$ cat entry_39.pdb   # PDB, C-alpha atoms
ATOM      1  CA  MET G 272     189.654 260.627  50.328
ATOM      2  CA  GLU G 273     190.775 257.608  48.280
ATOM      3  CA  VAL G 274     193.366 255.324  49.842
ATOM      4  CA  GLY G 275     194.085 253.528  46.572
ATOM      5  CA  LEU G 276     194.356 250.007  47.971
ATOM      6  CA  THR G 277     191.770 248.659  45.518
ATOM      7  CA  GLU G 278     190.874 249.582  42.006
ATOM      8  CA  GLU G 279     187.682 251.568  41.663
ATOM      9  CA  PRO G 280     185.017 249.282  40.162
ATOM     10  CA  LYS G 281     183.718 250.109  36.735
ATOM     11  CA  LEU G 282     180.075 251.032  36.917
ATOM     12  CA  TYR G 283     177.599 249.406  34.554
ATOM     13  CA  PHE G 284     174.410 251.205  35.537
ATOM     14  CA  GLU G 285     174.189 254.980  35.428
ATOM     15  CA  ALA G 286     173.000 257.090  38.328
ATOM     16  CA  THR G 287     170.107 258.313  36.211
ATOM     17  CA  ASP G 288     168.860 254.790  35.420
ATOM     18  CA  THR G 289     165.430 253.920  36.781
ATOM     19  CA  PRO G 290     164.609 250.492  38.248
ATOM     20  CA  ASP G 291     162.503 249.526  35.227
ATOM     21  CA  ILE G 292     165.565 249.431  32.957
ATOM     22  CA  TYR G 293     167.818 247.417  35.269
ATOM     23  CA  TRP G 294     166.697 244.045  33.957
ATOM     24  CA  PRO G 295     166.766 245.006  30.234
ATOM     25  CA  LYS G 296     170.337 246.224  30.657
ATOM     26  CA  THR G 297     171.185 243.006  32.501
ATOM     27  CA  LEU G 298     169.867 241.039  29.532
ATOM     28  CA  GLU G 299     172.123 243.100  27.270
ATOM     29  CA  LEU G 300     175.051 242.217  29.543
ATOM     30  CA  ILE G 301     174.237 238.512  29.273
ATOM     31  CA  GLU G 302     173.930 238.755  25.495
ATOM     32  CA  GLU G 303     177.288 240.528  25.214
ATOM     33  CA  PHE G 304     178.907 237.822  27.334
ATOM     34  CA  ILE G 305     177.425 235.031  25.223
ATOM     35  CA  VAL G 306     178.598 236.528  21.923
ATOM     36  CA  GLY G 307     182.019 237.296  23.425
ATOM     37  CA  ASP G 308     181.974 241.111  23.507
ATOM     38  CA  ILE G 309     183.017 241.162  27.193
ATOM     39  CA  ASP G 310     185.180 238.760  29.144
ATOM     40  CA  GLU G 311     184.058 236.501  31.967
ATOM     41  CA  ALA G 312     185.759 238.520  34.714
ATOM     42  CA  ARG G 313     183.893 241.715  33.803
ATOM     43  CA  TYR G 314     180.628 239.799  33.445
ATOM     44  CA  GLN G 315     180.869 238.224  36.890
ATOM     45  CA  GLU G 316     182.067 241.484  38.448
ATOM     46  CA  VAL G 317     178.911 243.332  37.386
ATOM     47  CA  LEU G 318     176.630 240.569  38.607
ATOM     48  CA  ARG G 319     178.475 240.260  41.904
ATOM     49  CA  HIS G 320     178.549 244.035  42.495
ATOM     50  CA  PHE G 321     174.927 244.859  41.677
ATOM     51  CA  TYR G 322     173.073 241.605  42.381
ATOM     52  CA  LEU G 323     175.071 240.560  45.456
ATOM     53  CA  ALA G 324     174.095 237.064  46.667
ATOM     54  CA  SER G 325     171.792 236.230  43.730
ATOM     55  CA  GLY G 326     174.184 237.112  40.920
ATOM     56  CA  TRP G 327     176.030 233.779  41.004
ATOM     57  CA  LYS G 328     173.035 232.030  39.434
ATOM     58  CA  LEU G 329     173.937 233.587  36.073
ATOM     59  CA  TYR G 330     177.651 232.853  36.245
ATOM     60  CA  THR G 331     177.182 229.584  34.351
ATOM     61  CA  ILE G 332     174.764 230.934  31.751
ATOM     62  CA  GLN G 333     176.758 229.313  28.962
ATOM     63  CA  ASP G 334     176.503 225.896  30.614
ATOM     64  CA  LEU G 335     172.766 226.382  31.048
ATOM     65  CA  ILE G 336     172.334 227.280  27.383
ATOM     66  CA  ARG G 337     174.468 224.307  26.383
ATOM     67  CA  THR G 338     172.226 222.017  28.439
ATOM     68  CA  LEU G 339     169.089 223.513  26.883
ATOM     69  CA  CYS G 340     170.501 222.973  23.401
ATOM     70  CA  ARG G 341     171.272 219.358  24.198
ATOM     71  CA  LEU G 342     167.733 218.838  25.508
ATOM     72  CA  ALA G 343     166.305 220.519  22.414
ATOM     73  CA  LEU G 344     168.256 218.138  20.187
ATOM     74  CA  THR G 345     166.942 215.223  22.233
ATOM     75  CA  CYS G 346     163.358 216.428  21.818
ATOM     76  CA  SER G 347     163.734 216.656  18.038
ATOM     77  CA  SER G 348     165.590 213.367  17.637
ATOM     78  CA  VAL G 349     163.891 210.614  15.633
ATOM     79  CA  ASP G 350     166.052 207.852  17.078
ATOM     80  CA  GLY G 351     164.035 204.727  17.804
ATOM     81  CA  LYS G 352     165.518 204.368  21.282
ATOM     82  CA  GLU G 353     164.663 207.945  22.271
ATOM     83  CA  LYS G 354     160.991 208.366  23.209
ATOM     84  CA  THR G 355     161.031 212.105  23.967
ATOM     85  CA  TYR G 356     159.977 212.968  20.427
ATOM     86  CA  ASP G 357     157.036 210.559  20.674
ATOM     87  CA  LEU G 358     155.953 212.108  23.974
ATOM     88  CA  ILE G 359     156.026 215.628  22.542
ATOM     89  CA  LYS G 360     154.186 214.505  19.420
ATOM     90  CA  GLN G 361     151.484 212.847  21.502
ATOM     91  CA  PHE G 362     151.183 215.944  23.699
ATOM     92  CA  LEU G 363     150.814 218.312  20.740
ATOM     93  CA  ALA G 364     148.205 216.036  19.177
ATOM     94  CA  SER G 365     146.143 216.029  22.373
ATOM     95  CA  ARG G 366     146.392 219.834  22.702
ATOM     96  CA  GLU G 367     144.772 220.321  19.309
ATOM     97  CA  ARG G 368     141.431 219.376  20.849
ATOM     98  CA  GLU G 369     139.680 222.103  22.799
ATOM     99  CA  GLU G 370     138.297 219.676  25.383
ATOM    100  CA  THR G 371     139.782 216.649  27.071
ATOM    101  CA  SER G 372     138.429 213.771  29.151
ATOM    102  CA  TYR G 373     139.533 211.534  31.972
ATOM    103  CA  GLN G 374     140.016 208.708  29.492
ATOM    104  CA  THR G 375     142.323 210.853  27.363
ATOM    105  CA  GLU G 376     144.441 211.925  30.322
ATOM    106  CA  ILE G 377     144.728 208.370  31.647
ATOM    107  CA  SER G 378     145.748 207.152  28.186
ATOM    108  CA  ALA G 379     148.385 209.886  28.025
ATOM    109  CA  ARG G 380     149.769 208.750  31.354
ATOM    110  CA  LYS G 381     149.906 205.101  30.276
ATOM    111  CA  PHE G 382     151.706 206.121  27.089
ATOM    112  CA  ALA G 383     154.212 208.171  29.094
ATOM    113  CA  GLU G 384     154.824 205.277  31.504
ATOM    114  CA  LYS G 385     155.459 203.022  28.532
ATOM    115  CA  CYS G 386     158.031 205.477  27.199
ATOM    116  CA  VAL G 387     159.907 206.233  30.422
ATOM    117  CA  LYS G 388     159.632 202.636  31.736
ATOM    118  CA  ASP G 389     161.483 202.698  35.076
ATOM    119  CA  GLY G 390     162.203 206.435  34.888
ATOM    120  CA  GLU G 391     160.566 209.125  36.972
ATOM    121  CA  LEU G 392     157.257 210.578  35.819
ATOM    122  CA  PHE G 393     156.100 214.146  36.481
ATOM    123  CA  VAL G 394     152.727 215.779  35.885
ATOM    124  CA  LEU G 395     152.636 219.450  34.889
ATOM    125  CA  CYS G 396     149.297 221.203  35.369
ATOM    126  CA  TRP G 397     148.387 224.677  34.165
ATOM    127  CA  VAL G 398     145.355 226.551  35.497
ATOM    128  CA  PRO G 399     144.497 229.362  33.036
ATOM    129  CA  SER G 400     141.972 231.022  35.345
ATOM    130  CA  LYS G 401     144.609 231.498  38.055
ATOM    131  CA  SER G 402     147.687 231.625  35.806
ATOM    132  CA  GLU G 403     149.267 229.001  38.039
ATOM    133  CA  ALA G 404     151.378 225.979  37.196
ATOM    134  CA  SER G 405     152.088 222.976  39.388
ATOM    135  CA  VAL G 406     154.433 220.011  39.137
ATOM    136  CA  ARG G 407     153.692 216.665  40.794
ATOM    137  CA  TRP G 408     156.000 213.686  41.060
ATOM    138  CA  LEU G 409     153.747 210.808  40.030
ATOM    139  CA  GLN G 410     154.428 207.375  41.499
ATOM    140  CA  ARG G 411     153.276 204.158  39.857
ATOM    141  CA  GLU G 412     150.589 203.423  42.454
ATOM    142  CA  GLU G 413     149.255 206.996  42.615
ATOM    143  CA  THR G 414     146.219 208.263  40.752
ATOM    144  CA  THR G 415     146.523 210.349  37.601
ATOM    145  CA  PHE G 416     144.451 213.161  39.118
ATOM    146  CA  TYR G 417     144.816 214.668  42.578
ATOM    147  CA  MET G 418     141.486 213.530  44.004
ATOM    148  CA  ASP G 419     141.586 215.706  47.134
ATOM    149  CA  GLU G 420     140.874 218.752  44.975
ATOM    150  CA  MET G 421     138.055 217.104  43.004
ATOM    151  CA  LYS G 422     134.347 217.358  43.735
ATOM    152  CA  LEU G 423     132.225 214.292  44.397
ATOM    153  CA  GLN G 424     130.785 214.195  40.877
ATOM    154  CA  GLN G 425     134.229 214.587  39.339
ATOM    155  CA  ARG G 426     135.572 211.741  41.481
ATOM    156  CA  TRP G 427     132.760 209.493  40.318
ATOM    157  CA  GLN G 428     133.348 210.340  36.649
ATOM    158  CA  TYR G 429     137.071 209.728  37.077
ATOM    159  CA  TYR G 430     136.431 206.396  38.813
ATOM    160  CA  ILE G 431     134.083 205.195  36.056
ATOM    161  CA  SER G 432     136.551 206.254  33.357
ATOM    162  CA  SER G 433     139.282 204.219  35.021
ATOM    163  CA  TYR G 434     136.995 201.284  35.858
ATOM    164  CA  ILE G 435     136.003 200.566  32.256
ATOM    165  CA  ARG G 436     139.624 200.365  31.115
ATOM    166  CA  VAL G 437     141.592 197.140  30.766
ATOM    167  CA  GLU G 438     144.189 198.256  33.307
ATOM    168  CA  PRO G 439     143.500 198.044  37.058
ATOM    169  CA  THR G 440     141.220 200.774  38.392
ATOM    170  CA  GLU G 441     143.183 203.720  39.735
ATOM    171  CA  GLY G 442     142.760 204.593  43.397
ATOM    172  CA  VAL G 443     141.722 201.053  44.384
ATOM    173  CA  PRO G 444     144.399 199.215  46.430
ATOM    174  CA  ARG G 445     144.919 195.896  44.682
ATOM    175  CA  SER G 446     146.352 194.277  47.800
ATOM    176  CA  LYS G 447     142.864 194.355  49.364
ATOM    177  CA  LEU G 448     141.163 192.695  46.389
ATOM    178  CA  SER G 449     140.545 189.024  45.703
ATOM    179  CA  LYS G 450     140.216 187.972  42.091
ATOM    180  CA  VAL G 451     137.230 185.839  41.163
ATOM    181  CA  VAL G 452     138.694 184.678  37.850
ATOM    182  CA  LEU G 453     142.047 183.411  36.708
ATOM    183  CA  THR G 454     144.438 185.838  35.046
ATOM    184  CA  ARG G 455     145.097 183.817  31.911
ATOM    185  CA  ASN G 456     143.241 186.258  29.620
ATOM    186  CA  LEU G 457     144.481 189.464  31.248
ATOM    187  CA  PRO G 458     147.441 191.516  29.985
ATOM    188  CA  SER G 459     150.840 190.175  30.973
ATOM    189  CA  ALA G 460     151.580 193.187  33.193
ATOM    190  CA  ASP G 461     148.465 192.415  35.233
ATOM    191  CA  ALA G 462     148.795 188.638  35.171
ATOM    192  CA  ASP G 463     152.160 188.586  36.926
ATOM    193  CA  PRO G 464     152.508 191.684  39.123
ATOM    194  CA  GLU G 465     155.978 192.466  40.384
ATOM    195  CA  ASP G 466     154.840 193.756  43.765
ATOM    196  CA  GLY G 467     153.266 190.422  44.700
ATOM    197  CA  SER G 468     149.964 192.079  45.627
ATOM    198  CA  ILE G 469     148.008 189.321  43.857
ATOM    199  CA  PRO G 470     148.805 185.808  45.122
ATOM    200  CA  LYS G 471     149.281 182.983  42.674
ATOM    201  CA  PRO G 472     146.934 179.998  42.897
ATOM    202  CA  VAL G 473     148.317 176.905  44.575
ATOM    203  CA  SER G 474     146.114 174.683  42.459
ATOM    204  CA  TYR G 475     143.742 175.416  39.596
ATOM    205  CA  ASP G 476     141.731 173.672  36.908
ATOM    206  CA  GLU G 477     140.815 175.397  33.618
ATOM    207  CA  ASN G 478     138.276 173.158  31.913
ATOM    208  CA  LEU G 479     135.275 175.467  31.806
ATOM    209  CA  VAL G 480     133.507 175.678  28.438
ATOM    210  CA  VAL G 481     131.426 178.803  27.847
ATOM    211  CA  SER G 482     129.441 179.719  24.742
ATOM    212  CA  ILE G 483     127.002 182.460  23.767
ATOM    213  CA  CYS G 484     123.717 181.658  22.053
ATOM    214  CA  LEU G 485     123.418 183.739  18.877
ATOM    215  CA  ARG G 486     119.621 183.897  19.062
ATOM    216  CA  SER G 487     119.040 184.713  22.722
ATOM    217  CA  SER G 488     122.512 186.095  23.618
ATOM    218  CA  LYS G 489     122.444 183.891  26.698
ATOM    219  CA  MET G 490     125.547 182.402  28.226
ATOM    220  CA  VAL G 491     125.621 178.614  28.063
ATOM    221  CA  TRP G 492     127.910 176.532  30.237
ATOM    222  CA  GLY G 493     129.289 173.307  28.860
ATOM    223  CA  ALA G 494     127.994 170.182  30.568
ATOM    224  CA  GLY G 495     130.558 168.579  32.840
ATOM    225  CA  SER G 496     133.037 171.453  32.485
ATOM    226  CA  SER G 497     134.349 173.461  35.414
ATOM    227  CA  GLU G 498     136.985 175.927  36.459
ATOM    228  CA  SER G 499     138.411 176.192  39.951
ATOM    229  CA  PHE G 500     141.370 177.699  41.729
ATOM    230  CA  LEU G 501     142.746 177.458  45.239
ATOM    231  CA  TYR G 502     144.760 180.141  47.021
ATOM    232  CA  SER G 503     146.800 179.849  50.184
ATOM    233  CA  SER G 504     146.282 182.527  52.816
ATOM    234  CA  ALA G 505     149.309 181.489  54.872
ATOM    235  CA  PRO G 506     151.809 184.315  55.473
ATOM    236  CA  THR G 507     154.932 184.123  53.334
ATOM    237  CA  THR G 508     157.240 186.619  55.060
ATOM    238  CA  LYS G 509     158.352 187.026  58.660
ATOM    239  CA  GLU G 510     156.565 190.355  58.986
ATOM    240  CA  ASP G 511     153.316 188.921  57.622
ATOM    241  CA  LYS G 512     153.619 185.958  59.993
ATOM    242  CA  GLU G 513     154.038 188.262  62.996
ATOM    243  CA  GLN G 514     150.996 190.288  61.971
ATOM    244  CA  HIS G 515     149.006 187.094  61.414
ATOM    245  CA  ASP G 516     149.956 185.723  64.847
ATOM    246  CA  LYS G 517     149.064 189.032  66.479
ATOM    247  CA  ALA G 518     145.682 189.143  64.757
ATOM    248  CA  THR G 519     145.004 185.516  65.722
ATOM    249  CA  LYS G 520     145.842 186.233  69.358
ATOM    250  CA  MET G 521     143.567 189.276  69.458
ATOM    251  CA  SER G 522     140.744 187.289  67.851
ATOM    252  CA  THR G 523     141.174 184.493  70.412
ATOM    253  CA  LEU G 524     141.034 186.953  73.301
ATOM    254  CA  ALA G 525     137.913 188.581  71.864
ATOM    255  CA  ARG G 526     136.124 185.221  71.496
ATOM    256  CA  ASP G 527     137.166 184.191  75.009
ATOM    257  CA  TYR G 528     135.799 187.438  76.421
ATOM    258  CA  ARG G 529     132.468 187.029  74.615
ATOM    259  CA  LEU G 530     132.221 183.411  75.774
ATOM    260  CA  ARG G 531     132.884 184.312  79.420
ATOM    261  CA  GLU G 532     130.458 187.205  79.236
ATOM    262  CA  LYS G 533     127.663 184.998  77.904
ATOM    263  CA  PHE G 534     128.153 181.772  79.873
ATOM    264  CA  VAL G 535     129.942 182.924  83.043
ATOM    265  CA  LEU G 536     129.185 186.557  83.756
ATOM    266  CA  ASN G 537     125.664 186.862  82.338
ATOM    267  CA  ASN G 538     124.251 183.324  82.461
ATOM    268  CA  SER G 539     120.525 182.727  82.123
ATOM    269  CA  TRP G 540     120.174 181.350  85.694
ATOM    270  CA  MET G 541     121.464 184.677  87.050
ATOM    271  CA  LYS G 542     118.448 186.522  85.711
ATOM    272  CA  ASP G 543     116.415 188.405  88.351
ATOM    273  CA  LEU G 544     118.957 187.483  91.073
ATOM    274  CA  SER G 545     120.874 189.945  93.183
ATOM    275  CA  GLN G 546     124.649 190.006  93.385
ATOM    276  CA  GLU G 547     124.596 188.396  96.849
ATOM    277  CA  GLU G 548     122.386 185.542  95.659
ATOM    278  CA  VAL G 549     124.608 184.887  92.660
ATOM    279  CA  GLU G 550     127.704 184.767  94.850
ATOM    280  CA  LYS G 551     125.952 182.384  97.290
ATOM    281  CA  HIS G 552     125.025 179.990  94.466
ATOM    282  CA  LYS G 553     128.593 180.074  93.189
ATOM    283  CA  ALA G 554     129.985 179.346  96.650
ATOM    284  CA  ASP G 555     127.583 176.419  97.143
ATOM    285  CA  TYR G 556     128.491 175.004  93.742
ATOM    286  CA  LYS G 557     132.195 175.276  94.518
ATOM    287  CA  LYS G 558     131.753 173.408  97.803
ATOM    288  CA  TRP G 559     129.769 170.691  96.044
ATOM    289  CA  ALA G 560     132.373 170.397  93.277
ATOM    290  CA  GLU G 561     135.137 170.000  95.855
ATOM    291  CA  GLY G 562     133.147 167.321  97.726
ATOM    292  CA  GLU G 563     132.617 169.295 100.914
ATOM    293  CA  VAL G 564     128.812 169.002 100.787
ATOM    294  CA  GLU G 565     126.315 166.821  98.951
ATOM    295  CA  PRO G 566     123.779 168.280  96.558
ATOM    296  CA  ALA G 567     120.377 169.035  98.039
ATOM    297  CA  ASN G 568     118.539 166.481  95.899
ATOM    298  CA  ALA G 569     121.039 163.661  96.483
ATOM    299  CA  ALA G 570     119.601 160.409  97.801
ATOM    300  CA  THR G 571     120.160 159.853 101.524
ATOM    301  CA  GLU G 572     120.226 156.105 101.179
ATOM    302  CA  THR G 573     121.780 153.811  98.670
ATOM    303  CA  ARG G 574     120.355 150.547  97.459
ATOM    304  CA  ASP G 575     121.640 147.671  95.409
ATOM    305  CA  VAL G 576     120.598 147.407  91.808
ATOM    306  CA  GLU G 577     120.479 144.071  90.070
ATOM    307  CA  MET G 578     122.344 144.101  86.789
ATOM    308  CA  ALA G 579     121.070 142.159  83.832
ATOM    309  CA  ASP G 580     123.084 139.202  82.642
TER
END
$ encode --input "entry_39.pdb" --output "structure tokens"
Amino acid sequence: MEVGLTEEPKLYFEATDTPDIYWPKTLELIEEFIVGDIDEARYQEVLRHFYLASGWKLYTIQDLIRTLCRLALTCSSVDGKEKTYDLIKQFLASREREETSYQTEISARKFAEKCVKDGELFVLCWVPSKSEASVRWLQREETTFYMDEMKLQQRWQYYISSYIRVEPTEGVPRSKLSKVVLTRNLPSADADPEDGSIPKPVSYDENLVVSICLRSSKMVWGAGSSESFLYSSAPTTKEDKEQHDKATKMSTLARDYRLREKFVLNNSWMKDLSQEEVEKHKADYKKWAEGEVEPANAATETRDVEMAD
């Protein structure tokens, strides 16, 4: 019995339709909506009725297509300020080669960082053997490759490939390194790091003269020339100062413990003595130090000594 309070919905799928044709007919519905053959109300009604909670994702299909078109125009733009075209061109050029290397992938990353500058960088990986794709949000200080999934030999090859480059070696924390040369001949990005991981010299002298002998290929140092630099290890921030004071206190306690253990607890005169004998010697020494008794070898008599003029 029909009450008639609501209008009977118009069916889109037939009762004889099999599940394998549901999606093709849905694609036809989307195409009809895009070209304007059906109105928006009918389009959303079908999606809401048959796809329930997941149908809303296709409500804004026109906005999604509009966004894709705008991105496509950006990718094909030859504007000097837009670097997307350069990134795609570099990617297509690298894909023409059947094999790649760690050097090539690192160079691609450096080129992408140069293009996006302060923007976010993502790494898309495709594994043909598993037909799997992964996306990784790559931070500036992170390595180009995910080293936890690499074998020992692959890690070594990756490390060498990064080590021989001009840029800092990936995977090596620069805050734990101390430079042995001045940064005057290094790239500007490495000479003045923004994160402050490399301290600046307090004082330096750049008068070293170096030459290479053309016959023997030996390095010759100029007579009387030198190069020196002095760094300050004093903490610069409040947090660093607190950590420095804490480390100094712990070091002082450790040295005090070792000193007491060597000269008080385990002194050489205690060797081959029992605990009772050691305590007796300590008690006798304490009495002598406080003046209660005289030492055993003290003279019982005193005599006058003539002093020289």
$ resolve_selection --input "entry_39.pdb" --expression "the PyMOL selection byres ((chain G and resi 353-361) around 10)" --output "MDAnalysis selection string"
chainID G and resid 342 344:352 362:366 379 382:383 385:387
$ atom_distance --input "entry_39.pdb" --atom1 "CA of Glu510 (chain G)" --atom2 "CA of Tyr475 (chain G)"
27.6 Å
$ atom_distance --input "entry_39.pdb" --atom1 "CA of Tyr283 (chain G)" --atom2 "CA of Arg313 (chain G)"
10.0 Å
$ atom_distance --input "entry_39.pdb" --atom1 "CA of Glu420 (chain G)" --atom2 "CA of Ala404 (chain G)"
14.9 Å
$ residues_around --input "entry_39.pdb" --residues "Gln428 (chain G)" --least-positions-apart "3" --cutoff "12 Å" --atoms "all atoms listed in the file" --output "ChimeraX atom specification"
/G:372-374,416,418,421-425,431-435
$ residues_around --input "entry_39.pdb" --residues "Phe393 (chain G)" --least-positions-apart "3" --cutoff "7 Å" --atoms "only C-alpha atoms" --output "PyMOL selection string"
chain G and resi 406-409
$ resolve_selection --input "entry_39.pdb" --expression "the PyMOL selection byres ((chain G and resi 500) around 6)" --output "VMD selection string"
chain G and resid 474 to 475 499 501
$ resolve_selection --input "entry_39.pdb" --expression "the PyMOL selection byres ((chain G and resi 320-332) around 9)" --output "PyMOL selection string"
chain G and resi 280+283-284+301+305+311+314-319+333-337
$ residues_around --input "entry_39.pdb" --residues "His515 (chain G)" --least-positions-apart "5" --cutoff "9 Å" --atoms "only C-alpha atoms" --output "list in words"
Ala505, Pro506, Glu510 and Lys520 of chain G
$ write_last_selection --input "entry_39.pdb" --atoms "C-alpha atoms" --output "CSV table (one decimal), keeping the file's coordinate frame"
chain,number,residue,atom,x,y,z
G,505,ALA,CA,149.3,181.5,54.9
G,506,PRO,CA,151.8,184.3,55.5
G,510,GLU,CA,156.6,190.4,59.0
G,520,LYS,CA,145.8,186.2,69.4
$ closest_residue --input "entry_39.pdb" --among "G:Tyr417, G:Phe304, G:Tyr293, G:Trp492" --to "Leu479 (chain G)" --atoms "all atoms listed in the file"
G:Trp492
